[in-house]
$ cat my_file_18.cif   # mmCIF, C-alpha atoms
data_run
#
loop_
_atom_site.label_atom_id
_atom_site.label_comp_id
_atom_site.auth_asym_id
_atom_site.auth_seq_id
_atom_site.Cartn_x
_atom_site.Cartn_y
_atom_site.Cartn_z
CA MET A 3 97.51 202.72 132.49
CA LYS A 4 98.66 199.49 134.13
CA THR A 5 102.27 200.67 134.38
CA GLY A 6 101.78 201.95 137.93
CA ILE A 7 100.43 198.61 139.15
CA LYS A 8 103.30 196.81 137.45
CA LEU A 9 105.71 199.03 139.38
CA ILE A 10 103.89 198.23 142.63
CA ASP A 11 104.14 194.50 141.87
CA LEU A 12 107.82 194.83 141.06
CA ALA A 13 108.65 196.76 144.23
CA ARG A 14 106.52 194.70 146.62
CA GLY A 15 107.12 191.27 145.15
CA THR A 16 103.40 190.82 144.43
CA ASP A 17 101.65 189.68 141.26
CA ILE A 18 98.31 191.47 141.29
CA LEU A 19 97.97 191.73 137.52
CA GLY A 20 98.92 188.10 136.97
CA LYS A 21 96.35 186.90 139.49
CA TYR A 22 93.73 189.21 138.03
CA LYS A 23 94.21 187.77 134.53
CA GLU A 24 93.91 184.27 135.98
CA LEU A 25 90.63 185.16 137.72
CA VAL A 26 89.16 186.68 134.56
CA ARG A 27 90.00 183.44 132.74
CA LEU A 28 88.43 181.27 135.45
CA TRP A 29 85.35 183.39 136.24
CA ASP A 30 82.87 181.22 134.33
CA ASN A 31 84.81 177.93 134.44
CA LYS A 32 83.60 176.12 137.55
CA SER A 33 85.38 172.79 137.01
CA PRO A 34 88.88 174.29 136.72
CA LEU A 35 88.08 176.49 139.72
CA GLU A 36 87.05 173.55 141.88
CA GLU A 37 90.15 171.61 140.86
CA ALA A 38 92.43 174.58 141.57
CA ARG A 39 90.65 175.16 144.88
CA ASN A 40 91.28 171.65 146.20
CA LYS A 41 94.86 171.77 144.96
CA ASN A 42 95.39 175.08 146.79
CA LEU A 43 93.98 173.68 150.02
CA ALA A 44 96.01 170.46 149.85
CA GLY A 45 99.22 172.38 149.10
CA PHE A 46 98.53 174.79 151.95
CA LEU A 47 97.88 172.01 154.49
CA LEU A 48 100.99 170.12 153.40
CA ALA A 49 103.12 173.24 153.79
CA ILE A 50 101.70 173.96 157.25
CA ARG A 51 102.15 170.32 158.24
CA SER A 52 105.86 170.45 157.49
CA GLN A 53 106.80 173.79 158.99
CA ASN A 54 104.31 175.36 161.40
CA ARG A 55 105.01 174.91 165.12
CA PHE A 56 101.34 174.98 166.09
CA TYR A 57 99.80 172.90 163.28
CA SER A 58 102.54 170.34 162.61
CA PRO A 59 101.44 168.07 165.49
CA LEU A 60 97.78 168.34 164.45
CA LEU A 61 98.34 167.69 160.76
CA GLY A 62 101.05 165.11 161.46
CA ARG A 63 98.24 162.63 162.20
CA TYR A 64 97.59 162.51 158.45
CA SER A 65 99.89 161.26 155.73
CA PRO A 66 100.64 163.49 152.74
CA ASP A 67 98.57 161.14 150.55
CA GLU A 68 95.56 161.47 152.88
CA ILE A 69 95.79 165.24 152.70
CA ILE A 70 96.10 165.26 148.91
CA ASP A 71 93.21 162.79 148.47
CA ASN A 72 90.72 164.60 150.74
CA PRO A 73 91.96 167.98 151.95
CA GLN A 74 88.48 169.18 152.92
CA LYS A 75 87.96 166.27 155.32
CA VAL A 76 91.33 166.95 156.95
CA LEU A 77 90.42 170.62 157.23
CA THR A 78 87.19 169.91 159.13
CA ASP A 79 89.19 167.91 161.70
CA MET A 80 91.20 171.01 162.65
CA PRO A 81 90.18 172.99 165.75
CA VAL A 82 88.16 176.19 165.49
CA ILE A 83 90.24 179.26 166.37
CA ASP A 84 89.60 182.92 167.20
CA LYS A 85 91.59 186.09 167.89
CA LYS A 86 92.09 185.27 171.56
CA MET A 87 93.46 181.82 170.81
CA LEU A 88 95.77 183.16 168.10
CA SER A 89 97.08 185.94 170.33
CA GLU A 90 97.78 183.52 173.18
CA ASN A 91 99.61 181.10 170.86
CA GLN A 92 101.28 183.60 168.54
CA HIS A 93 104.75 182.28 169.42
CA LEU A 94 103.69 178.98 167.85
CA VAL A 95 101.26 180.08 165.14
CA PHE A 96 103.57 182.71 163.67
CA THR A 97 106.28 180.59 162.03
CA PRO A 98 108.11 182.57 159.33
CA VAL A 99 108.73 180.51 156.21
CA LYS A 100 111.97 180.99 154.34
CA GLY A 101 111.38 182.61 150.98
CA VAL A 102 107.74 183.55 151.74
CA ASP A 103 107.50 187.30 152.34
CA TYR A 104 104.89 188.75 154.68
CA GLN A 105 103.56 192.02 156.10
CA LEU A 106 102.34 193.04 159.54
CA LYS A 107 98.64 193.95 159.65
CA LYS A 108 96.21 194.98 162.33
CA THR A 109 92.45 194.88 162.61
CA GLY A 110 89.65 195.23 165.12
CA GLY A 111 87.36 197.72 163.46
CA SER A 112 84.22 195.56 163.53
CA THR A 113 84.60 193.67 166.81
CA GLY A 114 86.42 196.08 169.09
CA GLU A 115 89.23 193.60 169.67
CA PRO A 116 92.58 195.07 168.52
CA PHE A 117 94.52 192.32 166.78
CA ARG A 118 97.97 192.16 165.18
CA TYR A 119 98.82 189.47 162.66
CA TYR A 120 100.81 188.78 159.46
CA VAL A 121 99.75 188.14 155.87
CA ASP A 122 101.80 186.68 153.02
CA LYS A 123 102.53 188.69 149.89
CA GLU A 124 100.65 185.99 147.97
CA HIS A 125 97.56 186.87 149.98
CA LEU A 126 97.93 190.57 149.10
CA SER A 127 98.17 189.72 145.40
CA TRP A 128 94.99 187.67 145.40
CA MET A 129 92.97 190.12 147.49
CA TRP A 130 93.66 193.06 145.18
CA ALA A 131 93.16 190.84 142.13
CA HIS A 132 89.70 189.88 143.40
CA ASN A 133 88.89 193.51 144.10
CA TYR A 134 89.74 194.37 140.50
CA LEU A 135 87.73 191.38 139.28
CA PHE A 136 84.59 192.50 141.13
CA TRP A 137 85.00 196.06 139.88
CA HIS A 138 85.51 194.74 136.35
CA ASN A 139 82.45 192.47 136.43
CA ASN A 140 80.12 195.12 137.83
CA CYS A 141 81.14 198.24 135.93
CA GLY A 142 83.73 197.31 133.31
CA TYR A 143 86.66 198.65 135.31
CA GLU A 144 90.15 197.83 134.04
CA PRO A 145 93.15 197.90 136.43
CA GLY A 146 94.87 201.26 136.18
CA GLU A 147 91.75 203.34 135.50
CA PRO A 148 91.29 206.27 137.94
CA PHE A 149 89.19 205.85 141.06
CA VAL A 150 88.47 207.74 144.28
CA THR A 151 88.74 206.24 147.76
CA ILE A 152 86.85 207.84 150.66
CA ALA A 153 87.88 206.04 153.82
CA GLY A 154 90.01 205.93 156.92
CA ASN A 155 93.17 204.13 157.92
CA SER A 156 92.13 200.59 156.97
CA LEU A 157 92.05 201.39 153.22
CA ARG A 158 95.08 203.64 153.02
CA THR A 159 97.34 200.86 151.66
CA VAL A 160 100.44 202.45 153.16
CA ASN A 161 103.58 200.63 152.03
CA LYS A 162 107.18 200.96 153.15
CA LYS A 163 108.39 200.72 149.55
CA PHE A 164 106.68 204.00 148.65
CA SER A 165 105.41 207.14 150.32
CA GLU A 166 101.63 207.07 150.61
CA SER A 167 101.13 209.71 147.91
CA ILE A 168 103.32 207.84 145.40
CA TYR A 169 101.60 204.55 146.16
CA HIS A 170 98.15 205.99 145.49
CA LYS A 171 99.41 207.76 142.38
CA LEU A 172 100.70 204.47 140.99
CA GLN A 173 97.29 202.93 141.69
CA ASN A 174 95.63 205.94 139.98
CA ASN A 175 93.75 206.32 143.25
CA TYR A 176 92.72 209.70 144.62
CA PHE A 177 92.46 209.16 148.39
CA LEU A 178 90.16 211.38 150.46
CA LYS A 179 90.42 210.92 154.22
CA GLY A 180 87.04 209.71 155.38
CA ASP A 181 87.66 209.56 159.11
CA MET A 182 87.45 213.35 159.54
CA ILE A 183 85.05 215.20 157.21
CA ASP A 184 83.57 218.69 157.43
CA ASN A 185 82.11 221.26 155.07
CA ASN A 186 85.53 222.85 154.53
CA LEU A 187 86.61 219.96 152.32
CA LYS A 188 88.07 221.16 149.01
CA PRO A 189 88.75 218.12 146.79
CA ASP A 190 90.72 218.17 143.54
CA LEU A 191 87.86 218.54 141.07
CA SER A 192 89.94 217.37 138.10
CA LYS A 193 90.49 214.02 139.81
CA LEU A 194 86.82 213.64 140.65
CA LYS A 195 85.93 214.35 137.02
CA LYS A 196 88.20 211.55 135.75
CA ALA A 197 87.24 208.87 138.30
CA VAL A 198 85.26 205.88 137.02
CA LEU A 199 84.35 204.50 140.45
CA ILE A 200 84.22 205.38 144.15
CA TYR A 201 85.48 202.96 146.80
CA GLY A 202 85.06 203.54 150.52
CA TYR A 203 83.18 203.43 153.80
CA PRO A 204 79.43 203.91 153.29
CA SER A 205 79.19 206.25 156.29
CA SER A 206 82.07 208.38 154.98
CA ILE A 207 80.60 208.59 151.47
CA LEU A 208 77.21 209.54 152.91
CA ASN A 209 78.76 212.09 155.22
CA ILE A 210 80.72 213.77 152.44
CA ILE A 211 77.65 214.23 150.24
CA LYS A 212 75.77 215.70 153.21
CA SER A 213 78.63 217.99 154.20
CA VAL A 214 79.44 219.02 150.61
CA PRO A 215 76.15 218.70 148.65
CA GLU A 216 77.76 219.63 145.31
CA PHE A 217 80.37 216.86 145.65
CA SER A 218 78.54 214.31 143.48
CA SER A 219 78.06 216.76 140.60
CA HIS A 220 81.80 216.84 139.85
CA PHE A 221 81.95 213.21 138.65
CA LYS A 222 81.62 213.01 134.88
CA GLY A 223 82.70 209.44 134.11
CA LEU A 224 81.46 207.67 137.23
CA ARG A 225 80.12 204.14 136.67
CA ALA A 226 79.53 202.74 140.15
CA ILE A 227 80.17 203.04 143.89
CA PHE A 228 81.67 200.18 145.92
CA THR A 229 81.19 200.29 149.69
CA THR A 230 83.19 198.30 152.22
CA SER A 231 84.36 197.90 155.85
CA GLU A 232 80.93 198.49 157.40
CA GLN A 233 77.46 197.06 157.21
CA LEU A 234 75.61 198.85 154.40
CA ILE A 235 72.08 199.54 155.55
CA PRO A 236 69.32 200.02 152.93
CA SER A 237 68.66 203.68 153.72
CA VAL A 238 72.34 204.57 153.23
CA ARG A 239 72.44 202.66 149.93
CA ARG A 240 69.38 204.57 148.68
CA GLN A 241 70.86 207.96 149.63
CA ILE A 242 74.19 207.26 147.94
CA GLU A 243 72.56 205.94 144.77
CA ALA A 244 70.24 208.94 144.64
CA ALA A 245 73.12 211.42 145.08
CA PHE A 246 75.27 209.96 142.29
CA ASN A 247 72.56 208.33 140.16
CA LYS A 248 74.79 205.27 139.94
CA PRO A 249 74.50 201.73 141.39
CA VAL A 250 76.08 200.80 144.72
CA PHE A 251 77.76 197.41 145.13
CA ASP A 252 78.69 196.34 148.63
CA ILE A 253 81.95 194.52 149.33
CA TYR A 254 82.45 192.22 152.31
CA GLY A 255 85.99 191.53 153.37
CA ALA A 256 88.01 190.24 156.29
CA ASN A 257 91.73 190.62 155.65
CA ASP A 258 92.68 188.36 158.56
CA GLY A 259 90.36 185.57 157.42
CA GLY A 260 91.40 186.02 153.80
CA ILE A 261 87.88 186.50 152.47
CA LEU A 262 86.64 189.04 149.95
CA GLY A 263 83.16 189.06 148.48
CA CYS A 264 81.08 191.45 146.43
CA GLU A 265 77.50 191.87 145.34
CA CYS A 266 76.60 191.35 141.69
CA PRO A 267 73.85 193.38 139.96
CA GLU A 268 71.24 191.05 141.47
CA HIS A 269 72.24 192.07 145.04
CA GLN A 270 71.41 188.58 146.35
CA GLY A 271 74.48 188.03 148.51
CA TYR A 272 78.25 188.26 148.08
CA HIS A 273 80.14 186.16 145.55
CA TYR A 274 83.39 185.44 147.38
CA ASN A 275 86.95 184.31 146.62
CA PHE A 276 86.34 180.61 147.17
CA LEU A 277 89.45 179.79 145.13
CA ASN A 278 91.62 180.99 148.02
CA CYS A 279 89.30 180.99 151.01
CA PHE A 280 87.39 178.02 152.42
CA ALA A 281 84.28 179.33 154.17
CA GLU A 282 82.27 177.18 156.58
CA THR A 283 79.60 177.98 159.13
CA LEU A 284 79.27 177.33 162.84
CA THR A 285 76.06 177.59 164.85
CA THR A 286 76.73 179.59 168.02
CA GLU A 287 75.14 179.11 171.44
CA ASP A 288 72.82 182.02 170.62
CA GLY A 289 71.58 180.27 167.48
CA PHE A 290 73.46 182.47 165.01
CA THR A 291 75.26 181.03 161.99
CA GLU A 292 78.82 182.33 162.19
CA LEU A 293 81.42 182.20 159.41
CA LEU A 294 84.58 180.10 159.75
CA LEU A 295 87.36 181.02 157.33
CA THR A 296 90.52 179.29 156.13
CA ASN A 297 92.96 181.44 154.17
CA THR A 298 95.01 179.20 151.88
CA ASN A 299 97.42 182.07 151.12
CA SER A 300 98.70 182.47 154.68
CA GLN A 301 101.63 180.17 155.44
CA ASN A 302 103.57 182.40 157.84
CA TYR A 303 100.58 183.02 160.09
CA PRO A 304 97.90 180.41 159.30
CA PHE A 305 94.21 181.19 159.70
CA ILE A 306 92.49 177.81 159.73
CA ARG A 307 88.78 177.54 160.62
CA TYR A 308 88.97 181.06 161.98
CA ARG A 309 85.97 182.66 163.71
CA VAL A 310 86.09 186.06 162.08
CA GLY A 311 83.11 187.25 164.13
CA ASP A 312 80.58 187.80 161.32
CA ILE A 313 77.14 186.24 161.06
CA GLY A 314 76.09 184.79 157.72
CA SER A 315 75.21 181.74 155.66
CA ILE A 316 76.74 180.19 152.55
CA THR A 317 74.91 178.99 149.48
CA SER A 318 76.18 177.21 146.37
CA ASP A 319 72.88 177.70 144.54
CA ARG A 320 73.50 179.34 141.18
CA CYS A 321 72.86 183.06 141.32
CA ILE A 322 70.30 184.71 139.03
CA CYS A 323 73.24 186.56 137.44
CA GLY A 324 74.46 183.18 136.09
CA SER A 325 77.68 182.96 138.07
CA ALA A 326 78.58 179.60 139.57
CA TRP A 327 80.61 181.23 142.35
CA PRO A 328 79.12 180.53 145.81
CA ARG A 329 77.69 183.38 147.86
CA ILE A 330 77.54 184.56 151.42
CA ILE A 331 73.95 185.48 152.26
CA ASP A 332 72.13 186.84 155.31
CA LEU A 333 75.29 188.69 156.29
CA LYS A 334 74.96 190.59 159.54
CA GLY A 335 78.18 192.32 160.45
CA ARG A 336 78.37 194.76 163.31
CA THR A 337 77.47 198.38 162.66
CA ARG A 338 79.10 201.59 163.80
CA ASP A 339 77.98 205.21 163.80
CA LEU A 340 79.94 208.38 163.24
CA ILE A 341 80.94 210.29 166.35
CA ARG A 342 79.63 213.85 165.99
CA LYS A 343 81.44 217.06 166.92
CA PRO A 344 79.65 220.17 168.22
CA ASP A 345 80.82 222.21 165.20
CA GLY A 346 78.97 219.87 162.84
CA GLY A 347 81.98 217.77 161.85
CA SER A 348 82.25 214.02 162.36
CA ILE A 349 84.76 211.34 163.27
CA HIS A 350 84.73 207.88 161.74
CA GLY A 351 85.10 204.86 163.99
CA ALA A 352 88.33 203.89 162.22
CA TYR A 353 89.98 206.94 163.77
CA PHE A 354 89.50 205.41 167.22
CA ASN A 355 90.85 202.08 165.99
CA LYS A 356 94.11 203.82 165.15
CA ILE A 357 94.31 205.47 168.60
CA LEU A 358 93.57 202.29 170.54
CA PHE A 359 96.12 200.24 168.61
CA ASP A 360 98.75 202.32 170.38
CA PHE A 361 97.58 200.80 173.67
CA PRO A 362 98.36 197.06 173.34
CA GLU A 363 97.06 196.47 176.88
CA VAL A 364 93.50 197.02 175.56
CA ASP A 365 92.02 193.81 174.19
CA ALA A 366 88.44 195.03 173.61
CA TYR A 367 86.58 198.32 173.47
CA ARG A 368 83.27 199.99 172.67
CA ILE A 369 82.45 203.67 172.24
CA VAL A 370 79.11 205.37 173.00
CA GLN A 371 78.28 209.05 172.47
CA GLU A 372 75.39 210.63 174.34
CA THR A 373 73.08 213.37 173.07
CA ASP A 374 75.19 216.05 174.79
CA TYR A 375 78.23 215.01 172.65
CA SER A 376 80.04 213.43 175.63
CA VAL A 377 81.77 210.15 174.83
CA THR A 378 82.13 207.05 177.00
CA VAL A 379 84.92 204.66 176.05
CA TYR A 380 84.42 201.17 177.46
CA ILE A 381 87.67 199.20 177.59
CA HIS A 382 88.69 195.73 178.66
CA LEU A 383 92.32 195.04 179.52
CA LYS A 384 94.38 191.90 179.53
CA GLN A 385 95.24 192.86 183.11
CA MET A 386 92.30 194.74 184.58
CA GLN A 387 94.30 195.72 187.68
CA LEU A 388 96.01 198.27 185.42
CA PHE A 389 92.71 199.97 184.58
CA ASP A 390 93.20 203.21 186.54
CA LYS A 391 96.64 203.86 185.05
CA MET A 392 95.42 203.02 181.55
CA ALA A 393 92.31 205.18 181.91
CA THR A 394 94.48 208.18 182.82
CA LYS A 395 96.79 207.70 179.84
CA LEU A 396 93.97 207.10 177.37
CA THR A 397 91.97 210.09 178.60
CA ALA A 398 95.00 212.35 178.17
CA THR A 399 95.55 211.07 174.62
CA LEU A 400 91.91 211.52 173.60
CA ASN A 401 91.69 215.00 175.13
CA LYS A 402 94.80 216.06 173.24
CA LEU A 403 93.62 214.71 169.89
CA LEU A 404 89.95 215.68 170.24
CA PRO A 405 89.74 218.61 172.68
CA GLU A 406 86.24 219.57 171.54
CA LEU A 407 84.78 216.40 173.08
CA SER A 408 84.68 215.19 176.68
CA PHE A 409 85.67 211.59 177.41
CA SER A 410 85.13 209.18 180.25
CA ILE A 411 86.79 205.76 180.44
CA VAL A 412 84.76 202.91 181.91
CA GLN A 413 85.54 199.27 182.58
CA MET A 414 83.97 197.07 179.92
CA GLN A 415 82.02 194.02 180.96
CA GLU A 416 82.33 190.78 179.00
CA TYR A 417 80.30 190.74 175.80
CA ASN A 418 79.55 188.50 172.84
CA PRO A 419 80.91 190.25 169.74
CA THR A 420 79.06 187.86 167.41
CA ASN A 421 75.72 189.21 168.62
CA ALA A 422 74.02 190.82 165.64
CA LYS A 423 72.80 193.69 167.83
CA PHE A 424 76.30 194.63 168.97
CA LYS A 425 77.36 198.11 167.83
CA LEU A 426 80.99 199.06 168.25
CA ILE A 427 80.63 202.81 167.71
CA GLU A 428 77.25 204.18 168.81
CA SER A 429 76.22 207.83 168.72
CA HIS A 430 72.91 209.27 169.94
CA VAL A 431 73.60 212.68 168.41
CA ASN A 432 71.61 213.65 165.31
CA GLN A 433 70.51 210.14 164.41
CA SER A 434 68.95 211.39 161.16
CA MET A 435 72.47 211.52 159.67
#

$ encode --input "my_file_18.cif" --output "structure tokens"
Amino acid sequence: MKTGIKLIDLARGTDILGKYKELVRLWDNKSPLEEARNKNLAGFLLAIRSQNRFYSPLLGRYSPDEIIDNPQKVLTDMPVIDKKMLSENQHLVFTPVKGVDYQLKKTGGSTGEPFRYYVDKEHLSWMWAHNYLFWHNNCGYEPGEPFVTIAGNSLRTVNKKFSESIYHKLQNNYFLKGDMIDNNLKPDLSKLKKAVLIYGYPSSILNIIKSVPEFSSHFKGLRAIFTTSEQLIPSVRRQIEAAFNKPVFDIYGANDGGILGCECPEHQGYHYNFLNCFAETLTTEDGFTELLLTNTNSQNYPFIRYRVGDIGSITSDRCICGSAWPRIIDLKGRTRDLIRKPDGGSIHGAYFNKILFDFPEVDAYRIVQETDYSVTVYIHLKQMQLFDKMATKLTATLNKLLPELSFSIVQMQEYNPTNAKFKLIESHVNQSM
């Protein structure tokens, strides 16, 4: 069953299965993990010191021996960065390294700030390896076993080496588009029957079981549901668990910051990939504890002490489950609703992410739907004098793609995206959903 993943590794130049085996070996071995972690950080800082246009002057203040002896101290002397700073200095931060392959990525789904960046193939290997590790630990999943994904664009794992359908087939992944769901959905029942887990947006999973009530009855070998990309609120967890009669484990991830964490059966926080991601905290002016992330698998486009925009704390106290891996606790990511259509259908927030990425002039947005189904799109531009022209273009695009809704474009005032009350996609239609 692992043949498909081996083919993906071969074609992409990744090593997902190799990293996964290494993580399984290290899961309960804290000392080797700590040693490997410091070695990773020191090697990363040395590489950035020698080749990155932005960080070479900063890290040049330290000798290679100083970095090797105490990489964590050197790390804490680096400046805190965010999306705005990275975008403004991309010509320096993005320094392609010979022999280190990378991919273009884009994000913005939780903060409303469209952002383009690059990740190394090494990063991709470790992220999927950790995903498999968490699935394995919580429900006995083995790479290559069939699963179902219910999500939008951010989890589609499109790859230029394969068509999307071939890629998912090699993963043994049955992908159901979760950004547009209605009661006309007709899934392949044979694939649902074989699936051992579900992976996807909590709002999309909830919406599909409301739109197609018999959906959950088709799973015969299901072991667990893993939710991701949104804040999982308790009421949604309860409804999903009740529908499938299986446990829900929430996953927290930030591809740009290089972090991936997952709940264990104790549900007391998120054990995260501390082997490859150094997580710190910063107290904001509003008194929130915000995460700072350093991705040690990102040489081409370094993320060092990066403000990912999520509120949370870190604890190294041993979990009740027995794992020595540290956890992120008190996590408070932003939330987003589904935009409702008059015919009863819905649109996931990720659908709007995809639309707004085609307008690079937009550097922040927020979407609010009123009870009459009308939608207000608040946008902030890098050059606000272009607002009228941009509003006309964006309105035309939205009306063409979603003619059943009415849109108005409004200038967005400055906001603090780390505020725990901030909601990117907010709908006042049928709140009981």

$ closest_atom_pairs --input "my_file_18.cif" --of "segment 347-397 of chain A" --to "segment 183-198 of chain A" --cutoff "8 Å" --atoms "only C-alpha atoms" --output "CSV"
residue,atom,partner,partner_atom,distance
A:Gly347,CA,A:Asp184,CA,4.8
A:Ser348,CA,A:Ile183,CA,6.0
A:Ile349,CA,A:Ile183,CA,7.2

$ residues_around --input "my_file_18.cif" --residues "Glu243 of chain A" --least-positions-apart "6" --cutoff "12 Å" --atoms "only C-alpha atoms" --output "VMD selection string"
chain A and resid 200 204 207 to 208 211 218 224 to 229 236 to 237 249 to 251

$ atom_distance --input "my_file_18.cif" --atom1 "atom CA of Leu294 of chain A" --atom2 "atom CA of Gly311 of chain A"
8.5 Å

$ closest_residue --input "my_file_18.cif" --among "A:Val95, A:Tyr169, A:Tyr353, A:Leu43" --to "Ala13 of chain A" --atoms "all atoms listed in the file"
A:Tyr169

$ closest_residue --input "my_file_18.cif" --among "A:Asn247, A:Thr97, A:Thr285, A:Asn297" --to "Gly259 of chain A" --atoms "only C-alpha atoms"
A:Asn297

$ residues_around --input "my_file_18.cif" --residues "Thr291 of chain A" --least-positions-apart "3" --cutoff "6 Å" --atoms "all atoms listed in the file" --output "PyMOL selection string"
chain A and resi 284-285+313-314

$ resolve_selection --input "my_file_18.cif" --expression "the PyMOL selection byres ((chain A and resi 63) around 12)" --output "ChimeraX atom specification"
/A:48,51-52,57-62,64-69,76,79-80

$ resolve_selection --input "my_file_18.cif" --expression "the PyMOL selection byres ((chain A and resi 404-410) around 7)" --output "list in words"
Tyr375, Ser376, Val377, Thr378, Val379, Thr397, Leu400, Asn401, Lys402, Leu403, Ile411 and Val412 of chain A

$ resolve_selection --input "my_file_18.cif" --expression "the PyMOL selection byres ((chain A and resi 125) around 12)" --output "PyMOL selection string"
chain A and resi 15-18+21+102-105+120-124+126-132+256-262+275+277-279+297-305

$ write_last_selection --input "my_file_18.cif" --atoms "C-alpha atoms" --output "compact mmCIF listing (two decimals), in the coordinates of the input"
# COMPACT_ATOMS: atom_id res chain seq x y z
CA GLY A 15 107.12 191.27 145.15
CA THR A 16 103.40 190.82 144.43
CA ASP A 17 101.65 189.68 141.26
CA ILE A 18 98.31 191.47 141.29
CA LYS A 21 96.35 186.90 139.49
CA VAL A 102 107.74 183.55 151.74
CA ASP A 103 107.50 187.30 152.34
CA TYR A 104 104.89 188.75 154.68
CA GLN A 105 103.56 192.02 156.10
CA TYR A 120 100.81 188.78 159.46
CA VAL A 121 99.75 188.14 155.87
CA ASP A 122 101.80 186.68 153.02
CA LYS A 123 102.53 188.69 149.89
CA GLU A 124 100.65 185.99 147.97
CA LEU A 126 97.93 190.57 149.10
CA SER A 127 98.17 189.72 145.40
CA TRP A 128 94.99 187.67 145.40
CA MET A 129 92.97 190.12 147.49
CA TRP A 130 93.66 193.06 145.18
CA ALA A 131 93.16 190.84 142.13
CA HIS A 132 89.70 189.88 143.40
CA ALA A 256 88.01 190.24 156.29
CA ASN A 257 91.73 190.62 155.65
CA ASP A 258 92.68 188.36 158.56
CA GLY A 259 90.36 185.57 157.42
CA GLY A 260 91.40 186.02 153.80
CA ILE A 261 87.88 186.50 152.47
CA LEU A 262 86.64 189.04 149.95
CA ASN A 275 86.95 184.31 146.62
CA LEU A 277 89.45 179.79 145.13
CA ASN A 278 91.62 180.99 148.02
CA CYS A 279 89.30 180.99 151.01
CA ASN A 297 92.96 181.44 154.17
CA THR A 298 95.01 179.20 151.88
CA ASN A 299 97.42 182.07 151.12
CA SER A 300 98.70 182.47 154.68
CA GLN A 301 101.63 180.17 155.44
CA ASN A 302 103.57 182.40 157.84
CA TYR A 303 100.58 183.02 160.09
CA PRO A 304 97.90 180.41 159.30
CA PHE A 305 94.21 181.19 159.70

$ atom_distance --input "my_file_18.cif" --atom1 "atom CA of Gln413 of chain A" --atom2 "atom CA of Met386 of chain A"
8.4 Å

$ residues_around --input "my_file_18.cif" --residues "Arg320 of chain A" --least-positions-apart "2" --cutoff "12 Å" --atoms "all atoms listed in the file" --output "NGL selection string"
:A and (30 or 32 or 268 or 270-271 or 273 or 316-318 or 322-329)

$ atom_distance --input "my_file_18.cif" --atom1 "atom CA of Lys356 of chain A" --atom2 "atom CA of Asp312 of chain A"
21.3 Å

$ closest_residue --input "my_file_18.cif" --among "A:Glu265, A:Glu144, A:Glu428, A:Glu166" --to "Tyr22 of chain A" --atoms "all atoms listed in the file"
A:Glu144

$ closest_residue --input "my_file_18.cif" --among "A:His170, A:Glu37, A:Phe46, A:Val26" --to "His138 of chain A" --atoms "only C-alpha atoms"
A:Val26

$ decode --input "my_file_18.cif" --residues "segment 311-335 of chain A" --atoms "C-alpha atoms" --output "compact mmCIF listing (two decimals), in the first residue's frame"
# COMPACT_ATOMS: atom_id res chain seq x y z
CA GLY A 311 -0.69 35.32 14.12
CA ASP A 312 -2.01 32.63 16.48
CA ILE A 313 -2.55 32.98 20.21
CA GLY A 314 -1.35 30.17 22.45
CA SER A 315 1.04 29.00 25.15
CA ILE A 316 3.69 26.28 25.24
CA THR A 317 4.22 23.72 27.96
CA SER A 318 6.91 21.08 28.38
CA ASP A 319 5.05 19.39 31.24
CA ARG A 320 4.63 15.70 30.50
CA CYS A 321 1.20 14.95 29.10
CA ILE A 322 -1.15 12.49 30.82
CA CYS A 323 -0.79 10.31 27.71
CA GLY A 324 2.88 9.76 28.67
CA SER A 325 4.47 11.54 25.72
CA ALA A 326 7.46 13.76 26.42
CA TRP A 327 6.72 15.92 23.36
CA PRO A 328 5.88 19.53 24.33
CA ARG A 329 2.41 20.90 23.68
CA ILE A 330 0.73 24.06 22.54
CA ILE A 331 -2.12 24.86 24.91
CA ASP A 332 -4.76 27.59 25.17
CA LEU A 333 -4.73 27.88 21.38
CA LYS A 334 -7.04 30.57 20.08
CA GLY A 335 -6.87 30.82 16.32
